[in-house]
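Visitor: First the structure, which I've put down as structure tokens, then a few questions once you've had a look.
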Amino acid sequence: MSRLTPQNEAIALEIISRYPRKKSALIPLLHLAQEQDGYVSDDAMRHLAELVEVTPAEVIGTCSFYEMFKREPVGTYLVNICTNIACQLLGAEELLHHAEHALGIKAGNTTSDGLFTIEDVECIAACTEAPCLTVNYRYFYKVDGGDFDAIVEDLRSGRQPTRKAAETGPDGHIPPHGTLALQRQHIPADRVAGNADPDSAPAPAWLEQP
Amino acid sequence: MSDTTDTPPKTTVSVQINGHAIEAQPGELVIEAAERAGVHIPRFCYHPRMRPVGMCRMCLVDIDAGGRGAMLQPSCMVPVSEGMVVDTESERTRKAQDGVLEFLLINHPLDCPVCDKGGECPLQDNTIAFGPGESRFVEEKRHYEKPIPISDLVFLDRERCILCDRCTRFAKEVAGDPLIHFQGRGARTEVNTFPDEPFSSYFSGNTVQICPVGALTSSSYRFKARPWDLTEVESTCTGCSVGCSVTLQSSRNRLLRSMGVDNDAVNWGWLCDRGRFGVEAVNSEARLSEPSVGGRPARWADALRKAAELIADAVRASGPIGVGVIGGARLTNESAYAWAKLAKSVIGTDNVDAQLGDGLPAQFVLGLPRATIAEACAPKGTIVLLGTDPKETLGVLFLRLRHAVVESGATLVEVGHGAGGMSKLAKHRFWSSPGGSLVDAARQALAVLPAGQPVTVVLGRSSVTEDPAVLAEAAMVFAEAGARFLPALSRGNVMGALDMGLAPGLLPGRVELEAGRSFFTSAWGSVPSGPGVDTAAMLQAAADGKLAVLVLLGANPLDDFPDRALVQRAFDRAAVIAVDTFANPSVATATVVLPAAAHGEVDGTTTNIEGRILPLHQGVTPPGTARPDWIIATELATRLGADLGFESAAQIWDEIEAVASSHAGLDRAVLDATRDGTIAAGLGGGARPAVVGMPTASPASQVPLDEASLRLVVRRKMYDGATGTANSTSLAGLPGDNDVRLHPLDFQGLSIQEGDLVTVVSDWGSISLPAFADPGVVRGTVTVLANVRGATVNHLLSSSNPVTDVRLEVSR
Amino acid sequence: MTAPIVQLVSSRFQYPDSFTLARSEATGGYQGLRKALTMTPTAVHDEVKAATLLGRGGAGFPAGVKWGFTPPGVWPRYLVVNGDESEPGTYKDRLLMERDPHQLIEGCLIACYAAGLSQCFLYIRGEMALAQTRVAVALNDAYAAGYVGRNVLGSNFSVDIVLHWGAGAYIVGEETALIESLEGNRGMPRLKPPFFPAAIGLYGKPTIVNNVETLSNLGGIIVRGSEEYKQYGSETSPGTRMFAVSGHVRRPGVYEVQHGVTTFRELLYDDQFCGGIRDGNQLKAFIPGGGSSPWFFEEQLDLPLEARPVGGAGSMLGSGAIVVMDDTTDAVKACLRVVRFYARESCGKCTPCREGTSWLETILQRIFDGHGRPSDIDMLLDVGDNISPGPYPAASWEAEGLAAVPFPPKQTTICPLGPSAVAPVVSAIRRFRPEFEAKIRRRAIGIPVRVEESTHV
Ligand SMILES: Cc1cc2nc3c(=O)[nH]c(=O)nc-3n(C[C@H](O)[C@H](O)[C@H](O)COP(=O)(O)O)c2cc1C
Ligand code: SF4
Ligand code: FES
């Protein structure tokens, strides 16, 4: 699809400025591209290559290593069902099969209306709440088939699903696939300490006795 | 206890390898130390010229470094330490090697019978030597689309790939072109390019050579031969003047491959693609194989007689100076010597020049204190690029310099006419426009050089529109500060040709005509009565009717000389005798054409930019009746009534050693004894004349630019209209199109779109090219490429002017 | 007697607004920082050393000692916070980031102050959107309040904490892979030795990598002092640890317990914790320290939750992740699922891990699917041996006369991920070989069937 929009490019530049080396910003910038388009397009990768001054091949090398980056469009809602050991012990595979039947697709695929993609994923760090899943990385705990149907029903009809939603989230609403944190870090200019240049940084001032 | 004996402190590290005590170098890796001790540890990812990654795990051996006891460790990552005990044959090591090979073969297609690498494949070899003998893997292997072209020159078969990271490391670490990369993760990892962005690196062929399986193959060699059909000779690449060591491999008298050999002093095993694939030109259908006279095929006897007649007539008409010899950089040292002797002693003319108006004055270059590549690349040293872009002209020198900067902490300073292939690596850049300000740039650069570090200047003439006198003056700025030089004159054996006296005012051995007069008069019988002129002046004399015969020794002035109109006028009046391997536009004008043997078809030596003498060996026979240049010289001498006095290249070398001051002491035994080649730095001695000394340079004239014009800069690219490129099947398609580049601010002033056609108009001609903005171009200048077929810029140039100013006309 | 519950790092979890700066400040937040700034950096460092704060990321190395490994005089030094929590069964760092981000920030600041670290990168696992939001807001608030950035609280201590987030790759939790990832690269581990991150890390400079829970302890340690801190837990493992207990227990949950004192049995069976195995079933096996750890059984229940005895007994405490399997569990299936994780997550760098883990998965899958061959079981062990040679760590099984093989395993790989895939294979085959054989012979075997709780009623 596209390069970063001017607004996103401005965000990208702010992110880049926080690292002593530009390439360090690559993963956050790939997320930004995914937030913009729902996936990471080739054009976006070319743009990021320019921004962090590496080749597009290096960008795709990094991008393709990480599970979360999708190089093809996925559903508006990415439903990640954990089937790792703790969840498996408490019925995750049954939940996954239920989900596949309910949506009529195999894990790894997207419903024809473009709304849902299901993935069979590894441990999502909610093991004590098994079986669990995330929708666009918002957690739902102790989910059974009925809960799953209710979540899908809510999302289909534009409601925020609350059934089995984790107590600490979701914060507000479930944004379309690609958006992670709802707030960004911003370091005010008068508070910034500055990057530590790996090539020449002095000994920290506070180590010298006053 | 008394420890009074005066033992010097120990500088080696004692280790035990398979029960044998050996002394290793501090910091040496176990795999290297073992190799030197004759113990080969199998490996895939380790390559001595790249940073170890320790990822294939093939080189695991039992290492006991004290402390934690013997453990399997990657010998490619672990440096030796005092008292270390290494066991490469332990039960545990065996099992680990078996295991790794079995793992690698799980997904390897085992299509060895149809694989180019079959017979020279480390995976095959290691499997036979160390492998488990059978596979327990019964499932379906990984599948990928069959070989995909990742560039014009290289194919990738991902099924065969064992993910050793050699090609990708080479691309990033060595070439600085990270255009191929690991993609995916785990068992689904693959090497690939970015979609639609090919691996277009000047050095891509090296990945084919270092791939330990048949995953990367070159489009030219695919399915051509099996290793056991090949015969090979060790030789030296003459694609440019770096002098990379190679083996030339042939089958049924056809040259099939040139493979890099690790010469520690020069190329470290690498080649550039122009050199590697340029050897294909030798096999070209377009080779000259029979002599011709007046455009019609002729017998050698008739062609030689005609050539001798032309020369004799010219000498009779206007004395020896009626004959000029242009070229010679294609020749071996022996052939160059033979031609120098023919011209300067038999014919008696000093109008001899191996350079085509695009180089630097020979005396000047030979007189500068020379550095070796290793000295230039010394850790923490300083490298100045003065008027040169090694990436485009001297590929492997670029790799060495890049390594020095990126890996060894050398400081790079660039003084030139705009951005080149190393600008991004330069700590300081001083760009100026042609016309004299380069000297100021050199002074500014000198002021910022780190103090107390050795300085090497790589001196070239990247733009033919800059007066060589300006470069000479700029070079002296550094020379007077104690710098040493690597002359970046790029044609194959140009340095050897100059050493052998193929330059006006010089005799073999870097000796000036007057200094060598008496010595060479007794050695040769006679020498020219006075100094001759360079190519530009010869062409001018020919155009003026004062020079009747031009001998072209592998030279194509029509394309290469920076004043096409002058060449045309010269050829219109003088008779041309062409000694060449290929027909080119200049050869086409010749009255007599004598076909010469090419690289790979002759024995002898060549000399690189360092002055290093390197061997050339014959792998195949020349086509038709083509013969070595030195034989042509002796035969022509015979027809002119003289005997050059040698019957083989080896005899010529003996004579060179005997008469050339710079080559004294370098007899054949000495050459044969040194694998890395031998630097010719002998300073004569005995009765021999002195070699040229440190030059002086007088201030060059400053030519101010008027507001209305732009000053022309002509740059060279790796791939241009050069014979070797044009006649190599692999390379012929690679030269790009010419274009005009301007600084973005100058470009804005034109009010056109990128890529729109503009006409570049000089006082002498015009050409139309698409225009682009480029921040690497100096303001007030425009840059075009030299020697791109179809858009030849020497139409725009006049050799009588030190600079070329142009106007741009936008056709609307 | 079970040691009393003390909450050192989870004390604020009880408040619904635990993640806000207001709540943090109202409950002692940043007091540790304020106190540290009145001390010299060396004194702070000494205090942490004296507290023997063991790393909570898996390896259990004392933080104070690790900080001391940075080569003197080499600047800058960086702090990288490992919030990539992805080890199967592990669930504590996410809680600490979501519910008490200020406690973590305070810990980062104290570490930077004490060890002279000039910039801090807080790497949060990519999938943890809420943690990213909470930490971003907390950082913005902490900057505004003068706790982070230039001249912290008016002192000459200045440091930026940069929020960074990953994108889904377990291996990035390994510290050198974490650094690669932070440099924008593929998260492939670097070979160490010879160089550990403390000497050559981010951008080639000395780098301290610490886990979220490790750092979250620092504020409390400085406020209380090491003496008081050491009153909790055991002498060699002071303080508390967060344990996520999942699987077949009645009350799965994340529990903060005293380190080195509480035993597995207490944690699993005590009513104040997990309350025993569900449905009155029997314990079959449990994973004591995350997916990478060899399995424990009934016999190991009385071991204390402490690294050394657990290591000696053939496993590891790892990342504080206990997964409990009752007797309804299919050992082959569980083993396959854990192996599959490592096969999917191998970075692909080392041949044995890249090819070996997926081969193990392939063999296990065909056994599970009923297509196994009798030779497959030994082949699993042999393939495992090619990834991790020699006797693999395992629990003792006195009934069968099998002694414990102590941790850690040997490896033919760069990092321990490859060998981790061998843990479930060796554990399951050693203890439940008949289940594998039965699958291969396509025979049913007596694994109890899970009884739904509702059917009791
Ligand atoms: C494969 C692998 C995965 C790991 N994953 C994590 C992780 O997710 N979080 C973590 O804190 N440490 C993880 N570690 C341990 C780290 O390498 C490192 O030891 C730890 O972050 C150091 O912090 P600590 O000293 O505070 O424990 C992992 C190690 C390995 C080998
Ligand atoms: S052991 Fe596996 S995960 Fe670890 S570095 Fe090697 S391939 Fe990567
Ligand atoms: S050669 Fe040492 S690991 Fe590959």
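By convention in this document, the chains of the structure tokens carry letters A, B, ... by their order, each chain's residues are numbered from 1, and ligands are numbered from 1 in the order they are shown.
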Give me, as a PyMOL selection string, the set of residues whose atoms come within 6 Å of any atom of ligand 1, counting only C-alpha atoms and all ligand atoms.

Guide: chain C and resi 55-61+63+82-87+171+173-175+209-211+214+415-417

Visitor: Could you tell me which residues of chain B sit within 9 Å of chain A when counting only C-alpha atoms, and give me the result as a list in words?

Guide: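 Listing them in order of chain and number gives Asp177, Pro178, Leu179, Ile180, His181, Phe182, Gln183, Gly184, Arg185, Gly186, Thr189, Asn192, Thr193, Phe194, Pro195 and Glu197 of chain B.
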
Visitor: Could you give me the residues within 9 Å of ligand 3, counting only C-alpha atoms and all ligand atoms, as a count of residues only?

Guide: 25

Visitor: For the strand (DSSP E) assignment from backbone DSSP, which residues of range 7-196 of chain A qualify? Please present them as a VMD selection string.

Guide: chain A and resid 77 to 82 116 to 121 133 to 135 138 to 140

Visitor: Would you put the residues from that selection into a file with all heavy atoms, as a compact mmCIF listing (two decimals), in the first residue's frame?

Guide:
```txt
# COMPACT_ATOMS: atom_id res chain seq x y z
N TYR A 77 -10.11 -7.84 13.12
CA TYR A 77 -9.85 -8.38 14.45
C TYR A 77 -8.99 -9.62 14.34
O TYR A 77 -9.38 -10.60 13.71
CB TYR A 77 -11.17 -8.70 15.16
CG TYR A 77 -11.99 -7.45 15.36
CD1 TYR A 77 -13.14 -7.24 14.61
CD2 TYR A 77 -11.60 -6.48 16.27
CE1 TYR A 77 -13.89 -6.08 14.77
CE2 TYR A 77 -12.33 -5.31 16.43
CZ TYR A 77 -13.47 -5.12 15.68
OH TYR A 77 -14.19 -3.96 15.84
N LEU A 78 -7.85 -9.54 14.93
CA LEU A 78 -6.95 -10.69 14.95
C LEU A 78 -7.16 -11.41 16.27
O LEU A 78 -6.87 -10.86 17.34
CB LEU A 78 -5.50 -10.20 14.83
CG LEU A 78 -4.42 -11.27 14.91
CD1 LEU A 78 -4.52 -12.22 13.71
CD2 LEU A 78 -3.03 -10.63 14.95
N VAL A 79 -7.73 -12.60 16.18
CA VAL A 79 -8.04 -13.36 17.39
C VAL A 79 -6.93 -14.38 17.62
O VAL A 79 -6.75 -15.29 16.82
CB VAL A 79 -9.39 -14.09 17.24
CG1 VAL A 79 -9.72 -14.85 18.52
CG2 VAL A 79 -10.48 -13.11 16.88
N ASN A 80 -6.15 -14.17 18.66
CA ASN A 80 -5.04 -15.07 18.96
C ASN A 80 -5.43 -16.00 20.10
O ASN A 80 -5.59 -15.55 21.24
CB ASN A 80 -3.80 -14.26 19.36
CG ASN A 80 -3.12 -13.62 18.17
OD1 ASN A 80 -3.55 -13.81 17.03
ND2 ASN A 80 -2.07 -12.86 18.42
N ILE A 81 -5.55 -17.25 19.78
CA ILE A 81 -5.93 -18.22 20.80
C ILE A 81 -4.68 -18.97 21.24
O ILE A 81 -4.00 -19.59 20.43
CB ILE A 81 -6.99 -19.20 20.25
CG1 ILE A 81 -8.23 -18.39 19.83
CG2 ILE A 81 -7.33 -20.26 21.29
CD1 ILE A 81 -9.31 -19.22 19.18
N CYS A 82 -4.39 -18.88 22.52
CA CYS A 82 -3.19 -19.55 23.03
C CYS A 82 -3.50 -21.02 23.20
O CYS A 82 -4.49 -21.40 23.81
CB CYS A 82 -2.76 -18.97 24.38
SG CYS A 82 -1.43 -19.93 25.12
N PHE A 116 -12.48 -11.18 10.75
CA PHE A 116 -11.73 -11.96 11.75
C PHE A 116 -10.62 -12.79 11.13
O PHE A 116 -10.81 -13.41 10.08
CB PHE A 116 -12.67 -12.92 12.50
CG PHE A 116 -13.73 -12.20 13.28
CD1 PHE A 116 -15.01 -12.07 12.77
CD2 PHE A 116 -13.44 -11.66 14.53
CE1 PHE A 116 -15.99 -11.40 13.49
CE2 PHE A 116 -14.41 -10.99 15.24
CZ PHE A 116 -15.71 -10.86 14.72
N THR A 117 -9.51 -12.79 11.80
CA THR A 117 -8.45 -13.75 11.51
C THR A 117 -8.21 -14.52 12.80
O THR A 117 -8.16 -13.92 13.88
CB THR A 117 -7.14 -13.03 11.10
OG1 THR A 117 -7.41 -12.26 9.94
CG2 THR A 117 -6.03 -14.03 10.81
N ILE A 118 -8.09 -15.83 12.70
CA ILE A 118 -7.77 -16.61 13.90
C ILE A 118 -6.34 -17.10 13.79
O ILE A 118 -5.91 -17.51 12.72
CB ILE A 118 -8.62 -17.90 14.02
CG1 ILE A 118 -10.08 -17.65 13.72
CG2 ILE A 118 -8.44 -18.52 15.40
CD1 ILE A 118 -10.90 -18.94 13.77
N GLU A 119 -5.64 -17.04 14.90
CA GLU A 119 -4.31 -17.64 14.94
C GLU A 119 -4.17 -18.53 16.16
O GLU A 119 -4.73 -18.23 17.21
CB GLU A 119 -3.23 -16.56 14.95
CG GLU A 119 -3.10 -15.89 13.59
CD GLU A 119 -1.87 -15.02 13.45
OE1 GLU A 119 -1.22 -14.75 14.49
OE2 GLU A 119 -1.56 -14.63 12.32
N ASP A 120 -3.42 -19.59 15.96
CA ASP A 120 -3.11 -20.53 17.02
C ASP A 120 -1.75 -20.10 17.54
O ASP A 120 -0.76 -20.27 16.86
CB ASP A 120 -3.09 -21.93 16.39
CG ASP A 120 -2.41 -22.97 17.24
OD1 ASP A 120 -2.03 -22.68 18.38
OD2 ASP A 120 -2.25 -24.10 16.73
N VAL A 121 -1.72 -19.48 18.70
CA VAL A 121 -0.47 -18.83 19.11
C VAL A 121 0.17 -19.46 20.34
O VAL A 121 -0.44 -20.28 21.04
CB VAL A 121 -0.65 -17.31 19.36
CG1 VAL A 121 -1.17 -16.63 18.11
CG2 VAL A 121 -1.56 -17.07 20.56
N LEU A 133 -7.45 -15.81 25.29
CA LEU A 133 -7.18 -15.35 23.94
C LEU A 133 -7.04 -13.84 23.97
O LEU A 133 -7.36 -13.18 24.95
CB LEU A 133 -8.28 -15.78 22.96
CG LEU A 133 -9.73 -15.35 23.23
CD1 LEU A 133 -9.99 -13.92 22.79
CD2 LEU A 133 -10.69 -16.28 22.47
N THR A 134 -6.53 -13.32 22.87
CA THR A 134 -6.52 -11.86 22.73
C THR A 134 -7.19 -11.50 21.41
O THR A 134 -7.15 -12.28 20.45
CB THR A 134 -5.09 -11.27 22.71
OG1 THR A 134 -4.37 -11.84 21.62
CG2 THR A 134 -4.35 -11.52 24.02
N VAL A 135 -7.84 -10.35 21.40
CA VAL A 135 -8.39 -9.80 20.16
C VAL A 135 -7.62 -8.50 19.93
O VAL A 135 -7.68 -7.59 20.77
CB VAL A 135 -9.89 -9.51 20.28
CG1 VAL A 135 -10.41 -8.86 19.00
CG2 VAL A 135 -10.65 -10.79 20.59
N ARG A 138 -5.91 -7.48 22.99
CA ARG A 138 -6.65 -7.19 24.22
C ARG A 138 -7.11 -8.54 24.78
O ARG A 138 -7.68 -9.36 24.06
CB ARG A 138 -7.86 -6.29 23.92
CG ARG A 138 -7.56 -4.80 23.96
CD ARG A 138 -6.67 -4.33 22.86
NE ARG A 138 -6.24 -2.94 23.03
CZ ARG A 138 -5.30 -2.36 22.30
NH1 ARG A 138 -4.64 -3.03 21.37
NH2 ARG A 138 -4.99 -1.09 22.51
N TYR A 139 -6.88 -8.71 26.08
CA TYR A 139 -7.02 -10.04 26.69
C TYR A 139 -8.46 -10.41 27.05
O TYR A 139 -9.24 -9.57 27.51
CB TYR A 139 -6.19 -10.12 27.97
CG TYR A 139 -4.72 -10.30 27.71
CD1 TYR A 139 -3.90 -9.20 27.46
CD2 TYR A 139 -4.14 -11.57 27.73
CE1 TYR A 139 -2.54 -9.37 27.23
CE2 TYR A 139 -2.78 -11.75 27.52
CZ TYR A 139 -1.99 -10.64 27.26
OH TYR A 139 -0.65 -10.81 27.04
N PHE A 140 -8.76 -11.69 26.88
CA PHE A 140 -10.00 -12.30 27.39
C PHE A 140 -9.58 -13.57 28.13
O PHE A 140 -8.82 -14.37 27.60
CB PHE A 140 -10.95 -12.61 26.24
CG PHE A 140 -11.49 -11.37 25.58
CD1 PHE A 140 -10.74 -10.70 24.61
CD2 PHE A 140 -12.71 -10.84 25.96
CE1 PHE A 140 -11.21 -9.55 24.02
CE2 PHE A 140 -13.19 -9.67 25.37
CZ PHE A 140 -12.44 -9.02 24.41
```

Visitor: Would you kindly return, as an NGL selection string, each protein, DNA or RNA residue with an atom no farther than 12 Å from any atom of Ser90 in chain B, considering only C-alpha atoms and excluding same-chain residues fewer than 6 positions away?

Guide: :B and (17-19 or 60-63 or 70-72 or 96-97)

Visitor: Quick one: residues within 12 Å of Phe148 in chain A, only C-alpha atoms, excluding same-chain residues fewer than 3 positions away - as a short mmCIF file (atom, residue, chain, number, x, y, z; two decimals) with N, CA and C atoms, in the first residue's frame?

Guide:
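Listing of out_31.cif after writing:
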```cif
data_model
loop_
_atom_site.label_atom_id
_atom_site.label_comp_id
_atom_site.auth_asym_id
_atom_site.auth_seq_id
_atom_site.Cartn_x
_atom_site.Cartn_y
_atom_site.Cartn_z
N VAL A 79 -7.73 -12.60 16.18
CA VAL A 79 -8.04 -13.36 17.39
C VAL A 79 -6.93 -14.38 17.62
N ASN A 80 -6.15 -14.17 18.66
CA ASN A 80 -5.04 -15.07 18.96
C ASN A 80 -5.43 -16.00 20.10
N ILE A 81 -5.55 -17.25 19.78
CA ILE A 81 -5.93 -18.22 20.80
C ILE A 81 -4.68 -18.97 21.24
N ALA A 92 -7.68 -25.45 25.57
CA ALA A 92 -7.45 -24.47 24.52
C ALA A 92 -7.69 -25.04 23.13
N GLU A 94 -9.76 -27.33 22.27
CA GLU A 94 -11.20 -27.40 22.04
C GLU A 94 -11.72 -26.00 21.70
N LEU A 95 -11.20 -25.01 22.41
CA LEU A 95 -11.62 -23.63 22.13
C LEU A 95 -11.23 -23.24 20.70
N LEU A 96 -10.04 -23.61 20.31
CA LEU A 96 -9.59 -23.27 18.96
C LEU A 96 -10.49 -23.94 17.93
N HIS A 97 -10.81 -25.22 18.15
CA HIS A 97 -11.68 -25.92 17.20
C HIS A 97 -13.05 -25.27 17.16
N HIS A 98 -13.51 -24.88 18.33
CA HIS A 98 -14.81 -24.20 18.37
C HIS A 98 -14.75 -22.93 17.52
N ALA A 99 -13.68 -22.18 17.70
CA ALA A 99 -13.55 -20.92 16.97
C ALA A 99 -13.49 -21.17 15.47
N GLU A 100 -12.76 -22.21 15.09
CA GLU A 100 -12.65 -22.52 13.66
C GLU A 100 -14.02 -22.86 13.08
N HIS A 101 -14.79 -23.64 13.84
CA HIS A 101 -16.13 -23.99 13.37
C HIS A 101 -17.02 -22.78 13.32
N ALA A 102 -16.96 -22.00 14.41
CA ALA A 102 -17.88 -20.86 14.52
C ALA A 102 -17.64 -19.88 13.38
N LEU A 103 -16.38 -19.67 13.02
CA LEU A 103 -16.09 -18.69 11.98
C LEU A 103 -15.94 -19.32 10.60
N ILE A 118 -8.09 -15.83 12.70
CA ILE A 118 -7.77 -16.61 13.90
C ILE A 118 -6.34 -17.10 13.79
N PRO A 131 -8.39 -21.20 29.64
CA PRO A 131 -7.81 -20.84 28.33
C PRO A 131 -8.10 -19.37 28.01
N CYS A 132 -7.18 -18.77 27.33
CA CYS A 132 -7.33 -17.34 27.11
C CYS A 132 -7.02 -16.99 25.66
N LEU A 133 -7.45 -15.81 25.29
CA LEU A 133 -7.18 -15.35 23.94
C LEU A 133 -7.04 -13.84 23.97
N THR A 134 -6.53 -13.32 22.87
CA THR A 134 -6.52 -11.86 22.73
C THR A 134 -7.19 -11.50 21.41
N VAL A 135 -7.84 -10.35 21.40
CA VAL A 135 -8.39 -9.80 20.16
C VAL A 135 -7.62 -8.50 19.93
N PHE A 140 -8.76 -11.69 26.88
CA PHE A 140 -10.00 -12.30 27.39
C PHE A 140 -9.58 -13.57 28.13
N TYR A 141 -10.12 -13.72 29.34
CA TYR A 141 -9.66 -14.81 30.20
C TYR A 141 -10.72 -15.89 30.36
N LYS A 142 -10.23 -17.10 30.60
CA LYS A 142 -11.11 -18.24 30.90
C LYS A 142 -12.28 -18.32 29.92
N VAL A 143 -11.92 -18.37 28.68
CA VAL A 143 -12.91 -18.29 27.61
C VAL A 143 -13.38 -19.69 27.24
N ASP A 144 -14.70 -19.88 27.16
CA ASP A 144 -15.21 -21.13 26.60
C ASP A 144 -15.94 -20.81 25.30
N GLY A 145 -16.50 -21.86 24.70
CA GLY A 145 -17.14 -21.68 23.40
C GLY A 145 -18.21 -20.60 23.42
N ILE A 151 -18.25 -12.90 22.19
CA ILE A 151 -17.25 -11.90 21.79
C ILE A 151 -17.40 -11.57 20.31
N VAL A 152 -17.54 -12.63 19.51
CA VAL A 152 -17.67 -12.44 18.06
C VAL A 152 -18.93 -11.66 17.75
N GLU A 153 -20.00 -12.05 18.42
CA GLU A 153 -21.30 -11.39 18.19
C GLU A 153 -21.19 -9.89 18.49
N ASP A 154 -20.58 -9.57 19.63
CA ASP A 154 -20.41 -8.17 19.99
C ASP A 154 -19.61 -7.41 18.94
N LEU A 155 -18.50 -8.00 18.52
CA LEU A 155 -17.65 -7.30 17.57
C LEU A 155 -18.35 -7.12 16.24
N PRO A 161 -16.88 -5.94 23.31
CA PRO A 161 -17.15 -7.16 24.08
C PRO A 161 -16.66 -6.99 25.52
N THR A 162 -17.49 -7.34 26.46
CA THR A 162 -17.08 -7.22 27.86
C THR A 162 -17.00 -8.58 28.53
N ARG A 163 -17.73 -9.55 27.97
CA ARG A 163 -17.75 -10.86 28.60
C ARG A 163 -16.35 -11.46 28.60
N LYS A 164 -15.85 -11.78 29.78
CA LYS A 164 -14.53 -12.39 29.97
C LYS A 164 -13.38 -11.48 29.58
N ALA A 165 -13.70 -10.21 29.34
CA ALA A 165 -12.61 -9.27 29.09
C ALA A 165 -11.78 -9.16 30.36
#
```

Visitor: Rank nothing, just name the residue among C:Lys410, C:Lys349, C:Arg366, C:Lys92 nearest to Leu191 in chain C, using only C-alpha atoms.

Guide: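 Ranking C:Lys410, C:Lys349, C:Arg366, C:Lys92 by distance to Leu191 in chain C, first place goes to C:Lys349.
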
Visitor: Identify all chain C residues at most 7 Å from chain B by counting only C-alpha atoms; ligands do not count. Present them as a VMD selection string.

Guide: chain C and resid 344 to 352 354 to 356 386 412

Visitor: Would you kindly report the residues of chain C within 7 Å of chain A, using only C-alpha atoms, as a short mmCIF file (atom, residue, chain, number, x, y, z; two decimals) with C-alpha atoms, in the first residue's frame?

Guide:
```
data_model
loop_
_atom_site.label_atom_id
_atom_site.label_comp_id
_atom_site.auth_asym_id
_atom_site.auth_seq_id
_atom_site.Cartn_x
_atom_site.Cartn_y
_atom_site.Cartn_z
CA PRO C 41 26.01 5.53 43.81
CA TRP C 75 31.31 4.74 28.67
CA PRO C 76 28.47 4.85 28.03
CA SER C 86 7.27 -15.25 26.86
CA PRO C 88 5.46 -20.86 28.60
CA GLY C 89 3.71 -20.60 31.94
CA THR C 90 5.28 -17.29 32.93
CA TYR C 91 2.97 -14.51 33.98
CA GLY C 116 26.40 4.59 36.18
CA SER C 118 23.53 6.57 30.94
CA GLN C 119 20.41 5.49 29.10
CA GLU C 127 1.84 -8.44 22.37
CA MET C 128 1.37 -6.58 25.66
CA ALA C 129 -0.59 -3.59 24.45
CA LEU C 130 -1.95 -2.66 27.84
CA GLN C 132 2.80 -0.59 26.76
CA THR C 133 0.03 1.91 27.35
CA ALA C 136 3.97 5.00 28.37
CA VAL C 137 1.55 6.97 30.52
CA LEU C 139 6.75 7.46 31.92
CA ASN C 140 5.07 10.61 30.65
CA TYR C 143 8.97 12.82 33.31
CA GLY C 149 15.02 12.76 32.41
CA ARG C 150 17.35 15.65 32.92
CA ASN C 156 22.90 15.93 38.78
CA PHE C 157 21.54 12.49 37.91
CA SER C 158 20.10 12.53 34.39
CA VAL C 159 18.80 9.58 32.46
CA ASP C 160 16.21 8.89 29.81
CA VAL C 162 13.01 4.91 26.39
CA LEU C 163 9.98 2.70 25.95
CA TRP C 165 8.44 -2.77 22.28
CA GLY C 166 8.93 -6.08 20.52
CA ALA C 167 6.95 -7.84 17.86
CA GLY C 168 6.52 -11.47 18.74
CA ALA C 169 9.57 -13.69 19.12
CA LEU C 182 16.89 -3.44 20.26
CA GLU C 183 19.42 -2.61 17.58
CA GLY C 184 16.66 -3.20 15.02
CA ASN C 185 17.92 -6.59 13.93
CA ARG C 186 16.60 -10.09 13.83
CA TYR C 203 26.04 -0.90 20.35
CA LYS C 205 29.04 -0.99 24.93
CA ALA C 244 2.46 -18.10 38.33
CA VAL C 245 0.85 -21.43 39.00
CA SER C 246 -1.29 -22.67 36.15
CA GLY C 247 -2.79 -25.88 34.92
CA PRO C 252 -4.45 -21.04 39.58
CA GLY C 253 -2.92 -17.66 40.15
CA VAL C 323 2.47 -25.70 35.29
CA ALA C 334 1.84 -32.32 26.61
CA ARG C 337 2.96 -29.16 22.71
CA VAL C 338 5.98 -27.92 24.60
CA PHE C 341 6.77 -24.22 21.04
#
```
